[in-house]
>>> print(open('model_25.txt').read())   # compact mmCIF, N, CA and C atoms
# COMPACT_ATOMS: atom_id res chain seq x y z
N PHE P 91 41.89 138.76 76.17
CA PHE P 91 42.06 138.93 77.61
C PHE P 91 40.73 139.29 78.28
N THR P 92 40.02 140.22 77.68
CA THR P 92 38.73 140.63 78.24
C THR P 92 37.74 139.47 78.22
N ALA P 93 37.77 138.70 77.17
CA ALA P 93 36.88 137.53 77.08
C ALA P 93 37.19 136.52 78.18
N LEU P 94 38.48 136.33 78.46
CA LEU P 94 38.86 135.42 79.54
C LEU P 94 38.37 135.92 80.89
N LEU P 95 38.48 137.22 81.11
CA LEU P 95 37.98 137.78 82.37
C LEU P 95 36.47 137.60 82.50
N CYS P 96 35.77 137.76 81.40
CA CYS P 96 34.32 137.56 81.41
C CYS P 96 33.97 136.11 81.75
N VAL P 97 34.75 135.18 81.20
CA VAL P 97 34.53 133.76 81.51
C VAL P 97 34.78 133.51 82.99
N PHE P 98 35.86 134.08 83.53
CA PHE P 98 36.15 133.93 84.96
C PHE P 98 35.00 134.50 85.80
N PHE P 99 34.52 135.69 85.44
CA PHE P 99 33.40 136.28 86.18
C PHE P 99 32.18 135.38 86.14
N ALA P 100 31.90 134.82 84.99
CA ALA P 100 30.73 133.94 84.86
C ALA P 100 30.88 132.70 85.74
N ILE P 101 32.05 132.11 85.73
CA ILE P 101 32.28 130.92 86.55
C ILE P 101 32.16 131.25 88.03
N VAL P 102 32.76 132.35 88.43
CA VAL P 102 32.70 132.75 89.84
C VAL P 102 31.28 133.05 90.27
N SER P 103 30.51 133.69 89.42
CA SER P 103 29.14 134.00 89.81
C SER P 103 28.30 132.73 89.96
N VAL P 104 28.53 131.75 89.12
CA VAL P 104 27.83 130.47 89.26
C VAL P 104 28.24 129.78 90.56
N ILE P 105 29.55 129.75 90.83
CA ILE P 105 30.04 129.14 92.07
C ILE P 105 29.45 129.85 93.28
N HIS P 106 29.43 131.18 93.23
CA HIS P 106 28.92 131.95 94.37
C HIS P 106 27.42 131.77 94.55
N GLU P 107 26.67 131.88 93.47
CA GLU P 107 25.21 131.78 93.56
C GLU P 107 24.73 130.39 93.97
N GLN P 108 25.45 129.36 93.57
CA GLN P 108 25.05 128.01 93.93
C GLN P 108 25.73 127.51 95.20
N HIS P 109 26.52 128.38 95.82
CA HIS P 109 27.21 128.07 97.08
C HIS P 109 27.98 126.75 96.99
N LEU P 110 28.72 126.59 95.90
CA LEU P 110 29.45 125.35 95.68
C LEU P 110 30.62 125.17 96.65
N PHE P 111 31.13 126.26 97.20
CA PHE P 111 32.24 126.15 98.16
C PHE P 111 31.75 126.01 99.60
N THR P 112 30.48 126.18 99.83
CA THR P 112 29.96 126.10 101.20
C THR P 112 30.28 124.79 101.88
N PRO P 113 30.13 123.63 101.23
CA PRO P 113 30.51 122.39 101.90
C PRO P 113 32.00 122.33 102.25
N VAL P 114 32.84 122.88 101.39
CA VAL P 114 34.28 122.90 101.68
C VAL P 114 34.56 123.79 102.88
N ILE P 115 33.95 124.96 102.89
CA ILE P 115 34.14 125.90 104.00
C ILE P 115 33.66 125.27 105.31
N ASN P 116 32.48 124.69 105.28
CA ASN P 116 31.94 124.07 106.49
C ASN P 116 32.81 122.91 106.97
N TYR P 117 33.36 122.15 106.03
CA TYR P 117 34.25 121.04 106.40
C TYR P 117 35.52 121.57 107.06
N VAL P 118 36.11 122.59 106.48
CA VAL P 118 37.34 123.16 107.05
C VAL P 118 37.06 123.74 108.44
N LEU P 119 35.90 124.31 108.63
CA LEU P 119 35.56 124.90 109.93
C LEU P 119 35.37 123.85 111.02
N THR P 120 35.29 122.57 110.66
CA THR P 120 35.19 121.51 111.67
C THR P 120 36.55 121.19 112.29
N PHE P 121 37.65 121.63 111.65
CA PHE P 121 38.99 121.40 112.18
C PHE P 121 39.28 122.39 113.31
N SER P 122 40.36 122.15 114.02
CA SER P 122 40.75 123.06 115.10
C SER P 122 41.08 124.43 114.51
N VAL P 123 40.92 125.45 115.33
CA VAL P 123 41.16 126.82 114.88
C VAL P 123 42.60 126.97 114.38
N GLU P 124 43.53 126.31 115.03
CA GLU P 124 44.95 126.41 114.65
C GLU P 124 45.21 125.85 113.25
N SER P 125 44.53 124.79 112.88
CA SER P 125 44.79 124.18 111.58
C SER P 125 43.94 124.76 110.46
N GLN P 126 42.90 125.49 110.78
CA GLN P 126 42.02 126.06 109.75
C GLN P 126 42.78 127.02 108.83
N THR P 127 43.66 127.82 109.39
CA THR P 127 44.37 128.80 108.57
C THR P 127 45.25 128.12 107.52
N SER P 128 45.97 127.08 107.91
CA SER P 128 46.83 126.41 106.93
C SER P 128 46.01 125.64 105.90
N ILE P 129 44.89 125.07 106.31
CA ILE P 129 44.03 124.35 105.36
C ILE P 129 43.43 125.33 104.34
N PHE P 130 42.98 126.50 104.81
CA PHE P 130 42.47 127.51 103.88
C PHE P 130 43.56 127.98 102.94
N PHE P 131 44.77 128.18 103.46
CA PHE P 131 45.89 128.61 102.62
C PHE P 131 46.12 127.61 101.49
N ILE P 132 46.17 126.33 101.82
CA ILE P 132 46.43 125.29 100.81
C ILE P 132 45.27 125.18 99.82
N ALA P 133 44.04 125.16 100.33
CA ALA P 133 42.88 125.04 99.45
C ALA P 133 42.79 126.21 98.48
N ASN P 134 43.01 127.41 98.98
CA ASN P 134 42.98 128.59 98.12
C ASN P 134 44.13 128.58 97.12
N GLY P 135 45.30 128.15 97.57
CA GLY P 135 46.46 128.11 96.69
C GLY P 135 46.26 127.20 95.50
N VAL P 136 45.72 126.03 95.76
CA VAL P 136 45.49 125.07 94.67
C VAL P 136 44.48 125.65 93.68
N LEU P 137 43.40 126.18 94.19
CA LEU P 137 42.37 126.73 93.31
C LEU P 137 42.86 127.98 92.58
N SER P 138 43.65 128.80 93.25
CA SER P 138 44.14 130.03 92.64
C SER P 138 45.16 129.77 91.54
N ALA P 139 45.80 128.63 91.57
CA ALA P 139 46.76 128.31 90.51
C ALA P 139 46.05 128.01 89.19
N ILE P 140 44.80 127.59 89.26
CA ILE P 140 44.08 127.26 88.03
C ILE P 140 43.01 128.28 87.67
N SER P 141 42.68 129.17 88.59
CA SER P 141 41.70 130.21 88.32
C SER P 141 42.23 131.53 88.88
N ASP P 142 41.69 132.62 88.45
CA ASP P 142 42.17 133.93 88.88
C ASP P 142 42.08 134.08 90.38
N ASN P 143 43.15 134.55 91.00
CA ASN P 143 43.22 134.64 92.45
C ASN P 143 42.20 135.61 93.05
N VAL P 144 41.91 136.69 92.39
CA VAL P 144 40.96 137.66 92.93
C VAL P 144 39.57 137.05 93.06
N PHE P 145 39.17 136.29 92.07
CA PHE P 145 37.85 135.67 92.10
C PHE P 145 37.77 134.61 93.20
N VAL P 146 38.83 133.83 93.33
CA VAL P 146 38.86 132.80 94.37
C VAL P 146 38.77 133.44 95.75
N ALA P 147 39.55 134.49 95.96
CA ALA P 147 39.52 135.18 97.25
C ALA P 147 38.15 135.75 97.54
N THR P 148 37.51 136.31 96.52
CA THR P 148 36.18 136.89 96.70
C THR P 148 35.18 135.84 97.18
N ILE P 149 35.21 134.68 96.57
CA ILE P 149 34.28 133.62 96.95
C ILE P 149 34.55 133.15 98.37
N TYR P 150 35.80 132.84 98.66
CA TYR P 150 36.13 132.33 99.98
C TYR P 150 35.85 133.35 101.08
N ILE P 151 36.21 134.60 100.86
CA ILE P 151 35.96 135.63 101.87
C ILE P 151 34.46 135.80 102.08
N SER P 152 33.68 135.77 101.00
CA SER P 152 32.23 135.89 101.13
C SER P 152 31.65 134.75 101.97
N GLU P 153 32.14 133.53 101.73
CA GLU P 153 31.63 132.38 102.47
C GLU P 153 32.04 132.44 103.94
N VAL P 154 33.27 132.87 104.20
CA VAL P 154 33.73 132.97 105.59
C VAL P 154 33.01 134.13 106.30
N LYS P 155 32.73 135.21 105.57
CA LYS P 155 31.95 136.32 106.15
C LYS P 155 30.55 135.84 106.52
N GLU P 156 29.98 134.99 105.69
CA GLU P 156 28.67 134.43 106.00
C GLU P 156 28.74 133.57 107.27
N ALA P 157 29.83 132.83 107.42
CA ALA P 157 30.03 132.03 108.64
C ALA P 157 30.14 132.93 109.86
N LEU P 158 30.77 134.08 109.70
CA LEU P 158 30.86 135.06 110.79
C LEU P 158 29.48 135.62 111.12
N ASP P 159 28.74 135.98 110.08
CA ASP P 159 27.41 136.57 110.28
C ASP P 159 26.43 135.60 110.94
N THR P 160 26.59 134.29 110.67
CA THR P 160 25.69 133.30 111.26
C THR P 160 26.17 132.80 112.62
N GLY P 161 27.34 133.26 113.05
CA GLY P 161 27.84 132.90 114.38
C GLY P 161 28.66 131.62 114.42
N LEU P 162 29.01 131.05 113.27
CA LEU P 162 29.84 129.85 113.26
C LEU P 162 31.26 130.14 113.73
N ILE P 163 31.74 131.35 113.44
CA ILE P 163 33.08 131.75 113.87
C ILE P 163 33.00 133.12 114.52
N ASN P 164 34.02 133.45 115.31
CA ASN P 164 34.06 134.78 115.93
C ASN P 164 34.91 135.73 115.09
N ARG P 165 34.96 136.98 115.51
CA ARG P 165 35.67 138.01 114.72
C ARG P 165 37.17 137.73 114.65
N GLU P 166 37.77 137.30 115.75
CA GLU P 166 39.21 137.01 115.75
C GLU P 166 39.54 135.87 114.77
N GLN P 167 38.71 134.85 114.78
CA GLN P 167 38.90 133.73 113.86
C GLN P 167 38.71 134.19 112.42
N PHE P 168 37.72 135.04 112.18
CA PHE P 168 37.49 135.58 110.85
C PHE P 168 38.71 136.34 110.35
N ASP P 169 39.30 137.16 111.21
CA ASP P 169 40.48 137.93 110.81
C ASP P 169 41.64 137.02 110.42
N LEU P 170 41.86 135.96 111.19
CA LEU P 170 42.94 135.01 110.87
C LEU P 170 42.66 134.29 109.56
N LEU P 171 41.42 133.88 109.38
CA LEU P 171 41.06 133.18 108.14
C LEU P 171 41.16 134.11 106.93
N ALA P 172 40.81 135.37 107.12
CA ALA P 172 40.91 136.34 106.02
C ALA P 172 42.36 136.51 105.59
N ILE P 173 43.28 136.56 106.55
CA ILE P 173 44.70 136.66 106.22
C ILE P 173 45.16 135.41 105.48
N ALA P 174 44.77 134.25 105.99
CA ALA P 174 45.16 132.99 105.35
C ALA P 174 44.59 132.88 103.93
N ILE P 175 43.36 133.33 103.75
CA ILE P 175 42.73 133.28 102.43
C ILE P 175 43.45 134.23 101.47
N ASN P 176 43.74 135.43 101.91
CA ASN P 176 44.41 136.39 101.03
C ASN P 176 45.82 135.94 100.66
N THR P 177 46.57 135.44 101.62
CA THR P 177 47.92 134.97 101.28
C THR P 177 47.85 133.70 100.44
N GLY P 178 46.90 132.83 100.75
CA GLY P 178 46.76 131.59 100.00
C GLY P 178 46.32 131.79 98.57
N THR P 179 45.58 132.85 98.32
CA THR P 179 45.16 133.10 96.94
C THR P 179 46.19 133.89 96.16
N ASN P 180 47.02 134.63 96.82
CA ASN P 180 47.98 135.47 96.10
C ASN P 180 49.33 134.80 95.86
N LEU P 181 49.88 134.12 96.84
CA LEU P 181 51.23 133.59 96.68
C LEU P 181 51.31 132.39 95.73
N PRO P 182 50.55 131.32 95.94
CA PRO P 182 50.66 130.19 95.03
C PRO P 182 50.07 130.44 93.64
N SER P 183 49.34 131.51 93.48
CA SER P 183 48.68 131.77 92.20
C SER P 183 49.67 132.14 91.09
N VAL P 184 50.92 132.40 91.43
CA VAL P 184 51.90 132.70 90.38
C VAL P 184 52.30 131.45 89.61
N ALA P 185 51.79 130.30 90.00
CA ALA P 185 52.15 129.03 89.35
C ALA P 185 51.77 128.99 87.87
N THR P 186 50.65 129.59 87.52
CA THR P 186 50.20 129.57 86.13
C THR P 186 49.71 130.95 85.72
N PRO P 187 49.67 131.22 84.44
CA PRO P 187 49.10 132.49 83.99
C PRO P 187 47.62 132.64 84.36
N ASN P 188 46.93 131.54 84.59
CA ASN P 188 45.52 131.62 84.99
C ASN P 188 45.37 132.32 86.33
N GLY P 189 46.35 132.14 87.21
CA GLY P 189 46.25 132.66 88.57
C GLY P 189 46.47 134.15 88.68
N GLN P 190 47.25 134.73 87.81
CA GLN P 190 47.55 136.15 87.86
C GLN P 190 47.10 136.81 86.57
N ALA P 191 46.25 137.80 86.70
CA ALA P 191 45.72 138.48 85.52
C ALA P 191 46.83 139.16 84.72
N ALA P 192 47.86 139.67 85.39
CA ALA P 192 48.96 140.32 84.68
C ALA P 192 49.71 139.32 83.80
N PHE P 193 49.90 138.10 84.31
CA PHE P 193 50.55 137.07 83.51
C PHE P 193 49.69 136.69 82.31
N LEU P 194 48.41 136.58 82.55
CA LEU P 194 47.49 136.22 81.47
C LEU P 194 47.44 137.31 80.41
N LEU P 195 47.47 138.56 80.84
CA LEU P 195 47.49 139.68 79.90
C LEU P 195 48.75 139.62 79.05
N LEU P 196 49.89 139.36 79.68
CA LEU P 196 51.14 139.26 78.93
C LEU P 196 51.11 138.10 77.95
N LEU P 197 50.58 136.98 78.40
CA LEU P 197 50.52 135.79 77.55
C LEU P 197 49.63 135.98 76.33
N THR P 198 48.55 136.74 76.49
CA THR P 198 47.62 136.96 75.37
C THR P 198 47.95 138.19 74.55
N SER P 199 49.01 138.90 74.92
CA SER P 199 49.37 140.11 74.18
C SER P 199 50.14 139.77 72.92
N SER P 200 50.31 140.74 72.06
CA SER P 200 51.06 140.54 70.82
C SER P 200 52.57 140.46 71.08
N ILE P 201 53.00 140.77 72.26
CA ILE P 201 54.42 140.70 72.61
C ILE P 201 54.86 139.25 72.85
N ALA P 202 53.95 138.41 73.36
CA ALA P 202 54.30 137.03 73.72
C ALA P 202 54.99 136.26 72.59
N PRO P 203 54.46 136.25 71.38
CA PRO P 203 55.16 135.50 70.32
C PRO P 203 56.52 136.10 69.97
N LEU P 204 56.64 137.41 70.12
CA LEU P 204 57.90 138.06 69.77
C LEU P 204 59.03 137.66 70.71
N ILE P 205 58.70 137.40 71.96
CA ILE P 205 59.73 137.01 72.93
C ILE P 205 59.72 135.51 73.21
N GLY P 206 58.94 134.76 72.43
CA GLY P 206 58.91 133.31 72.56
C GLY P 206 58.26 132.82 73.84
N LEU P 207 57.25 133.52 74.26
CA LEU P 207 56.58 133.19 75.52
C LEU P 207 55.37 132.31 75.26
N SER P 208 55.33 131.17 75.89
CA SER P 208 54.18 130.27 75.79
C SER P 208 53.66 129.98 77.19
N TYR P 209 52.52 129.34 77.26
CA TYR P 209 51.93 128.99 78.55
C TYR P 209 52.91 128.12 79.36
N PHE P 210 53.43 127.08 78.72
CA PHE P 210 54.34 126.16 79.40
C PHE P 210 55.61 126.87 79.85
N ARG P 211 56.14 127.74 79.02
CA ARG P 211 57.36 128.48 79.39
C ARG P 211 57.10 129.38 80.59
N MET P 212 55.94 130.01 80.64
CA MET P 212 55.62 130.86 81.80
C MET P 212 55.53 130.03 83.07
N VAL P 213 54.94 128.85 82.97
CA VAL P 213 54.84 127.97 84.13
C VAL P 213 56.24 127.58 84.61
N LEU P 214 57.11 127.22 83.67
CA LEU P 214 58.48 126.85 84.05
C LEU P 214 59.24 128.02 84.67
N LEU P 215 59.08 129.20 84.11
CA LEU P 215 59.76 130.37 84.65
C LEU P 215 59.24 130.75 86.04
N ALA P 216 57.98 130.51 86.28
CA ALA P 216 57.38 130.87 87.57
C ALA P 216 57.57 129.80 88.64
N LEU P 217 57.97 128.60 88.24
CA LEU P 217 58.06 127.49 89.18
C LEU P 217 58.93 127.78 90.41
N PRO P 218 60.14 128.31 90.26
CA PRO P 218 60.93 128.59 91.48
C PRO P 218 60.24 129.59 92.41
N TYR P 219 59.64 130.61 91.83
CA TYR P 219 58.93 131.60 92.64
C TYR P 219 57.73 130.98 93.34
N THR P 220 57.02 130.14 92.62
CA THR P 220 55.86 129.47 93.19
C THR P 220 56.25 128.63 94.40
N ILE P 221 57.30 127.86 94.25
CA ILE P 221 57.74 126.98 95.33
C ILE P 221 58.16 127.80 96.55
N VAL P 222 59.00 128.79 96.34
CA VAL P 222 59.51 129.60 97.46
C VAL P 222 58.38 130.39 98.12
N LEU P 223 57.57 131.06 97.33
CA LEU P 223 56.48 131.86 97.89
C LEU P 223 55.49 131.00 98.67
N THR P 224 55.16 129.83 98.13
CA THR P 224 54.19 128.96 98.80
C THR P 224 54.76 128.43 100.12
N ILE P 225 56.00 127.99 100.12
CA ILE P 225 56.59 127.47 101.35
C ILE P 225 56.71 128.56 102.41
N VAL P 226 57.23 129.72 102.03
CA VAL P 226 57.37 130.81 103.00
C VAL P 226 56.00 131.28 103.48
N GLY P 227 55.05 131.39 102.57
CA GLY P 227 53.70 131.81 102.97
C GLY P 227 53.04 130.83 103.91
N LEU P 228 53.11 129.55 103.59
CA LEU P 228 52.51 128.53 104.45
C LEU P 228 53.20 128.49 105.81
N PHE P 229 54.51 128.57 105.82
CA PHE P 229 55.27 128.61 107.07
C PHE P 229 54.83 129.81 107.91
N SER P 230 54.67 130.96 107.28
CA SER P 230 54.24 132.17 107.99
C SER P 230 52.84 132.04 108.55
N VAL P 231 51.94 131.45 107.76
CA VAL P 231 50.57 131.26 108.23
C VAL P 231 50.54 130.30 109.43
N ILE P 232 51.32 129.25 109.36
CA ILE P 232 51.32 128.26 110.45
C ILE P 232 51.95 128.83 111.72
N TYR P 233 53.09 129.51 111.59
CA TYR P 233 53.83 129.89 112.79
C TYR P 233 53.64 131.33 113.26
N PHE P 234 53.13 132.21 112.40
CA PHE P 234 52.98 133.61 112.81
C PHE P 234 51.54 134.06 113.01
N LEU P 235 50.59 133.28 112.60
CA LEU P 235 49.18 133.67 112.83
C LEU P 235 48.68 133.08 114.13
>>> encode(input="model_25.txt", output="structure tokens")
Amino acid sequence: FTALLCVFFAIVSVIHEQHLFTPVINYVLTFSVESQTSIFFIANGVLSAISDNVFVATIYISEVKEALDTGLINREQFDLLAIAINTGTNLPSVATPNGQAAFLLLLTSSIAPLIGLSYFRMVLLALPYTIVLTIVGLFSVIYFL
């Protein structure tokens, strides 16, 4: 588990240092303010399902904070995007054990074989939650932000 976290940290640091998400962020910021929140939610959700949600949120928030500091967006827009990023990285990330550190810890523990828990089984068990959480979260971002 610790080795996996170290790998995630290494990947995130490379992504952050090389500003690999900057083109994505800049592209999303070209859309209308109303649609930016839902686009960030979806983009973060997809990435958070395959990588740890905390690391994804850290990168996206850092890039959006940089956009705020350079004057590309205002404070109100930053606050809305921060909410969309946080919900987008947390809700859909339950899709796989990669997205949630607690799931990954359980999967790599000595308990997993005893209860017949595999990666695929965890994905199947989380699927209903993933679908409901993502739909409700996206609906909330679109209509309540």
>>> residues_around(input="model_25.txt", residues="Gln190 of chain P", least_positions_apart="6", cutoff="6.5 Å", atoms="all atoms listed in the file", output="ChimeraX atom specification")
/P:141-143,183-184
>>> axis_aligned_box(input="model_25.txt", around="segment 130-137 of chain P", padding_each_side="3 Å", output="JSON")
{"center_x": 44.4, "center_y": 126.8, "center_z": 98.7, "size_x": 10.1, "size_y": 9.6, "size_z": 18.2}
>>> residues_near_point(input="model_25.txt", point="(43.3, 137.7, 80.7)", cutoff="12 Å", atoms="only C-alpha atoms", output="list in words")
Phe91, Thr92, Ala93, Leu94, Leu95, Cys96, Val97, Phe98, Phe99, Ser141, Asp142, Thr186, Pro187, Asn188, Gly189, Gln190, Ala191, Ala192, Phe193, Leu194, Leu195, Leu196, Leu197, Thr198 and Ser199 of chain P
>>> residues_around(input="model_25.txt", residues="Asn134 of chain P", least_positions_apart="6", cutoff="6.5 Å", atoms="all atoms listed in the file", output="list of chain:residue names")
P:Ile175, P:Gly178, P:Thr179
>>> select_by_dssp(input="model_25.txt", residues="segment 143-229 of chain P", states="alpha helix (DSSP H)", output="JSON, numbers by chain")
{"P": [143, 144, 145, 146, 147, 148, 149, 150, 151, 152, 153, 154, 155, 156, 157, 158, 159, 165, 166, 167, 168, 169, 170, 171, 172, 173, 174, 175, 176, 177, 178, 179, 180, 191, 192, 193, 194, 195, 196, 197, 198, 201, 202, 203, 204, 209, 210, 211, 212, 213, 214, 215, 216, 217, 218, 219, 220, 221, 222, 223, 224, 225, 226, 227, 228, 229]}
>>> atom_distance(input="model_25.txt", atom1="atom CA of Ser128 of chain P", atom2="atom CA of Phe210 of chain P")
28.5 Å
>>> residues_around(input="model_25.txt", residues="Ile115 of chain P", least_positions_apart="4", cutoff="8 Å", atoms="all atoms listed in the file", output="CSV table (one decimal) with N, CA and C atoms, in the frame of the given file")
chain,number,residue,atom,x,y,z
P,110,LEU,N,28.7,126.6,95.9
P,110,LEU,CA,29.4,125.4,95.7
P,110,LEU,C,30.6,125.2,96.6
P,111,PHE,N,31.1,126.3,97.2
P,111,PHE,CA,32.2,126.2,98.2
P,111,PHE,C,31.8,126.0,99.6
P,119,LEU,N,35.9,124.3,108.6
P,119,LEU,CA,35.6,124.9,109.9
P,119,LEU,C,35.4,123.8,111.0
P,120,THR,N,35.3,122.6,110.7
P,120,THR,CA,35.2,121.5,111.7
P,120,THR,C,36.6,121.2,112.3
P,150,TYR,N,35.8,132.8,98.7
P,150,TYR,CA,36.1,132.3,100.0
P,150,TYR,C,35.8,133.4,101.1
P,153,GLU,N,32.1,133.5,101.7
P,153,GLU,CA,31.6,132.4,102.5
P,153,GLU,C,32.0,132.4,103.9
P,154,VAL,N,33.3,132.9,104.2
P,154,VAL,CA,33.7,133.0,105.6
P,154,VAL,C,33.0,134.1,106.3
>>> atom_distance(input="model_25.txt", atom1="atom C of Pro182 of chain P", atom2="atom C of Leu235 of chain P")
20.7 Å
>>> closest_residue(input="model_25.txt", among="P:Tyr219, P:Pro203, P:Asn180, P:Leu214", to="Val144 of chain P", atoms="only N, CA and C atoms")
P:Asn180
>>> atom_distance(input="model_25.txt", atom1="atom CA of Ser138 of chain P", atom2="atom CA of Gly161 of chain P")
27.3 Å
>>> decode(input="model_25.txt", residues="segment 153-164 of chain P", atoms="N, CA, C and O atoms", output="PDB file, in the first residue's frame")
ATOM      1  N   GLU P 153      -3.690  24.224 -10.420  1.00  0.00           N
ATOM      2  CA  GLU P 153      -3.741  24.855 -11.741  1.00  0.00           C
ATOM      3  C   GLU P 153      -4.804  25.950 -11.795  1.00  0.00           C
ATOM      4  O   GLU P 153      -4.579  27.011 -12.385  1.00  0.00           O
ATOM      5  N   VAL P 154      -5.949  25.702 -11.172  1.00  0.00           N
ATOM      6  CA  VAL P 154      -7.012  26.715 -11.166  1.00  0.00           C
ATOM      7  C   VAL P 154      -6.599  27.902 -10.285  1.00  0.00           C
ATOM      8  O   VAL P 154      -6.901  29.048 -10.605  1.00  0.00           O
ATOM      9  N   LYS P 155      -5.884  27.628  -9.192  1.00  0.00           N
ATOM     10  CA  LYS P 155      -5.372  28.717  -8.337  1.00  0.00           C
ATOM     11  C   LYS P 155      -4.391  29.578  -9.130  1.00  0.00           C
ATOM     12  O   LYS P 155      -4.376  30.804  -9.002  1.00  0.00           O
ATOM     13  N   GLU P 156      -3.584  28.937  -9.955  1.00  0.00           N
ATOM     14  CA  GLU P 156      -2.663  29.692 -10.805  1.00  0.00           C
ATOM     15  C   GLU P 156      -3.432  30.571 -11.795  1.00  0.00           C
ATOM     16  O   GLU P 156      -3.035  31.701 -12.064  1.00  0.00           O
ATOM     17  N   ALA P 157      -4.535  30.046 -12.322  1.00  0.00           N
ATOM     18  CA  ALA P 157      -5.383  30.844 -13.222  1.00  0.00           C
ATOM     19  C   ALA P 157      -5.976  32.035 -12.482  1.00  0.00           C
ATOM     20  O   ALA P 157      -6.094  33.133 -13.047  1.00  0.00           O
ATOM     21  N   LEU P 158      -6.318  31.854 -11.223  1.00  0.00           N
ATOM     22  CA  LEU P 158      -6.821  32.963 -10.402  1.00  0.00           C
ATOM     23  C   LEU P 158      -5.720  33.989 -10.173  1.00  0.00           C
ATOM     24  O   LEU P 158      -5.940  35.197 -10.326  1.00  0.00           O
ATOM     25  N   ASP P 159      -4.534  33.511  -9.827  1.00  0.00           N
ATOM     26  CA  ASP P 159      -3.412  34.419  -9.548  1.00  0.00           C
ATOM     27  C   ASP P 159      -2.995  35.230 -10.770  1.00  0.00           C
ATOM     28  O   ASP P 159      -2.535  36.358 -10.633  1.00  0.00           O
ATOM     29  N   THR P 160      -3.139  34.644 -11.968  1.00  0.00           N
ATOM     30  CA  THR P 160      -2.750  35.358 -13.186  1.00  0.00           C
ATOM     31  C   THR P 160      -3.882  36.212 -13.762  1.00  0.00           C
ATOM     32  O   THR P 160      -3.687  36.888 -14.754  1.00  0.00           O
ATOM     33  N   GLY P 161      -5.062  36.143 -13.141  1.00  0.00           N
ATOM     34  CA  GLY P 161      -6.173  36.980 -13.578  1.00  0.00           C
ATOM     35  C   GLY P 161      -7.047  36.374 -14.665  1.00  0.00           C
ATOM     36  O   GLY P 161      -7.914  37.071 -15.209  1.00  0.00           O
ATOM     37  N   LEU P 162      -6.848  35.101 -14.989  1.00  0.00           N
ATOM     38  CA  LEU P 162      -7.697  34.456 -15.993  1.00  0.00           C
ATOM     39  C   LEU P 162      -9.127  34.273 -15.499  1.00  0.00           C
ATOM     40  O   LEU P 162     -10.065  34.278 -16.287  1.00  0.00           O
ATOM     41  N   ILE P 163      -9.270  34.060 -14.187  1.00  0.00           N
ATOM     42  CA  ILE P 163     -10.598  33.905 -13.592  1.00  0.00           C
ATOM     43  C   ILE P 163     -10.694  34.793 -12.365  1.00  0.00           C
ATOM     44  O   ILE P 163      -9.678  35.216 -11.803  1.00  0.00           O
ATOM     45  N   ASN P 164     -11.923  35.080 -11.945  1.00  0.00           N
ATOM     46  CA  ASN P 164     -12.116  35.881 -10.735  1.00  0.00           C
ATOM     47  C   ASN P 164     -12.352  34.967  -9.530  1.00  0.00           C
ATOM     48  O   ASN P 164     -12.451  33.749  -9.671  1.00  0.00           O
TER      49      ASN P 164
END
